Amino acid sequence: MHKKLIVILFALCILPGLAQDQSKTSAKAPTNTELLAKGKVFFVKSNTFFVKKEELERGLLNNKELDRWGLQLTQNENEADFVLRVKRAAFQNNFPYTVTDRDTGRILIAGEPNSLGGTVPGKIAADIARKIKEK
């Protein structure tokens, strides 16, 4: 009799914890569109000598579409919602970039504009604006 009572008490203590764990795993992760909608503040990192951080910031701030969207820039990565990283493909005129959600680490936007026929900062800003508009 005591063994049955102990088993029942043990089960009553364990079952609520199991139900909570299942509800946590069944919670839906936010989509890229939802993550983009929640923030507006960018931190810019340039990993190339050919495009300076300040040039990228100027390109983003000068884009009318991003201005209407409410884009803001920060010098403090911890204050940013998103991190824009730019590099240059070796021996090419291509500049791969990613926009990453700082909290989740998920890549939300990526592209690889070419420097021919325009400035890279302007092309990156236009590409980001177009991709945000599409989402």
# chains A, B, ... in the order shown; residues from 1 in each chain; ligands from 1
>>> residues_around(residues="segment 62-72 of chain A", least_positions_apart="5", cutoff="8 Å", atoms="only C-alpha atoms", output="list in words")
Lys40, Val41, Phe42, Gly122, Ala125, Ala126 and Ala129 of chain A
>>> write_last_selection(atoms="N, CA and C atoms", output="short mmCIF file (atom, residue, chain, number, x, y, z; two decimals), in the first residue's frame")
data_model
loop_
_atom_site.label_atom_id
_atom_site.label_comp_id
_atom_site.auth_asym_id
_atom_site.auth_seq_id
_atom_site.Cartn_x
_atom_site.Cartn_y
_atom_site.Cartn_z
N LYS A 40 14.63 47.90 -35.41
CA LYS A 40 15.02 48.89 -36.41
C LYS A 40 16.48 49.33 -36.28
N VAL A 41 17.16 48.88 -35.23
CA VAL A 41 18.50 49.39 -34.93
C VAL A 41 19.57 48.43 -35.45
N PHE A 42 20.47 48.96 -36.29
CA PHE A 42 21.54 48.17 -36.91
C PHE A 42 22.89 48.55 -36.34
N GLY A 122 25.81 51.83 -51.36
CA GLY A 122 24.50 52.13 -51.90
C GLY A 122 23.78 50.89 -52.40
N ALA A 125 22.59 48.86 -49.31
CA ALA A 125 21.41 49.50 -48.72
C ALA A 125 20.17 49.26 -49.56
N ALA A 126 20.29 49.40 -50.88
CA ALA A 126 19.15 49.18 -51.77
C ALA A 126 18.69 47.73 -51.72
N ALA A 129 16.85 47.15 -48.43
CA ALA A 129 15.53 47.78 -48.49
C ALA A 129 14.57 46.94 -49.33
#
>>> residues_around(residues="Asn78 of chain A", least_positions_apart="4", cutoff="10 Å", atoms="only C-alpha atoms", output="number ranges by chain")
A: 43, 74, 82-83, 102-103
>>> write_last_selection(atoms="C-alpha atoms", output="PDB file, in the first residue's frame")
ATOM      1  CA  PHE A  43      25.171  47.749 -35.966  1.00  0.00           C
ATOM      2  CA  THR A  74      24.259  52.437 -33.269  1.00  0.00           C
ATOM      3  CA  PHE A  82      20.506  43.497 -36.150  1.00  0.00           C
ATOM      4  CA  VAL A  83      24.150  43.198 -37.180  1.00  0.00           C
ATOM      5  CA  ARG A 102      21.527  39.772 -32.641  1.00  0.00           C
ATOM      6  CA  ASP A 103      19.357  37.956 -30.078  1.00  0.00           C
TER       7      ASP A 103
END
>>> closest_residue(among="A:Thr119, A:Thr31, A:Lys133, A:Pro113", to="Ala89 of chain A", atoms="only C-alpha atoms")
A:Pro113
>>> atom_distance(atom1="atom CA of Gln92 of chain A", atom2="atom CA of Glu54 of chain A")
22.0 Å
>>> closest_residue(among="A:Val120, A:Ala110, A:Ala29, A:Val99", to="Phe50 of chain A", atoms="only C-alpha atoms")
A:Val120
>>> residues_around(residues="Leu56 of chain A", least_positions_apart="5", cutoff="9 Å", atoms="only C-alpha atoms", output="NGL selection string")
:A and (44-46 or 51 or 61 or 86 or 120-122 or 124-125)
>>> select_by_dssp(residues="chain A", states="strand (DSSP E or B)", output="PyMOL selection string")
chain A and resi 41-46+72-73+82-86+94+97-101+107-111+114
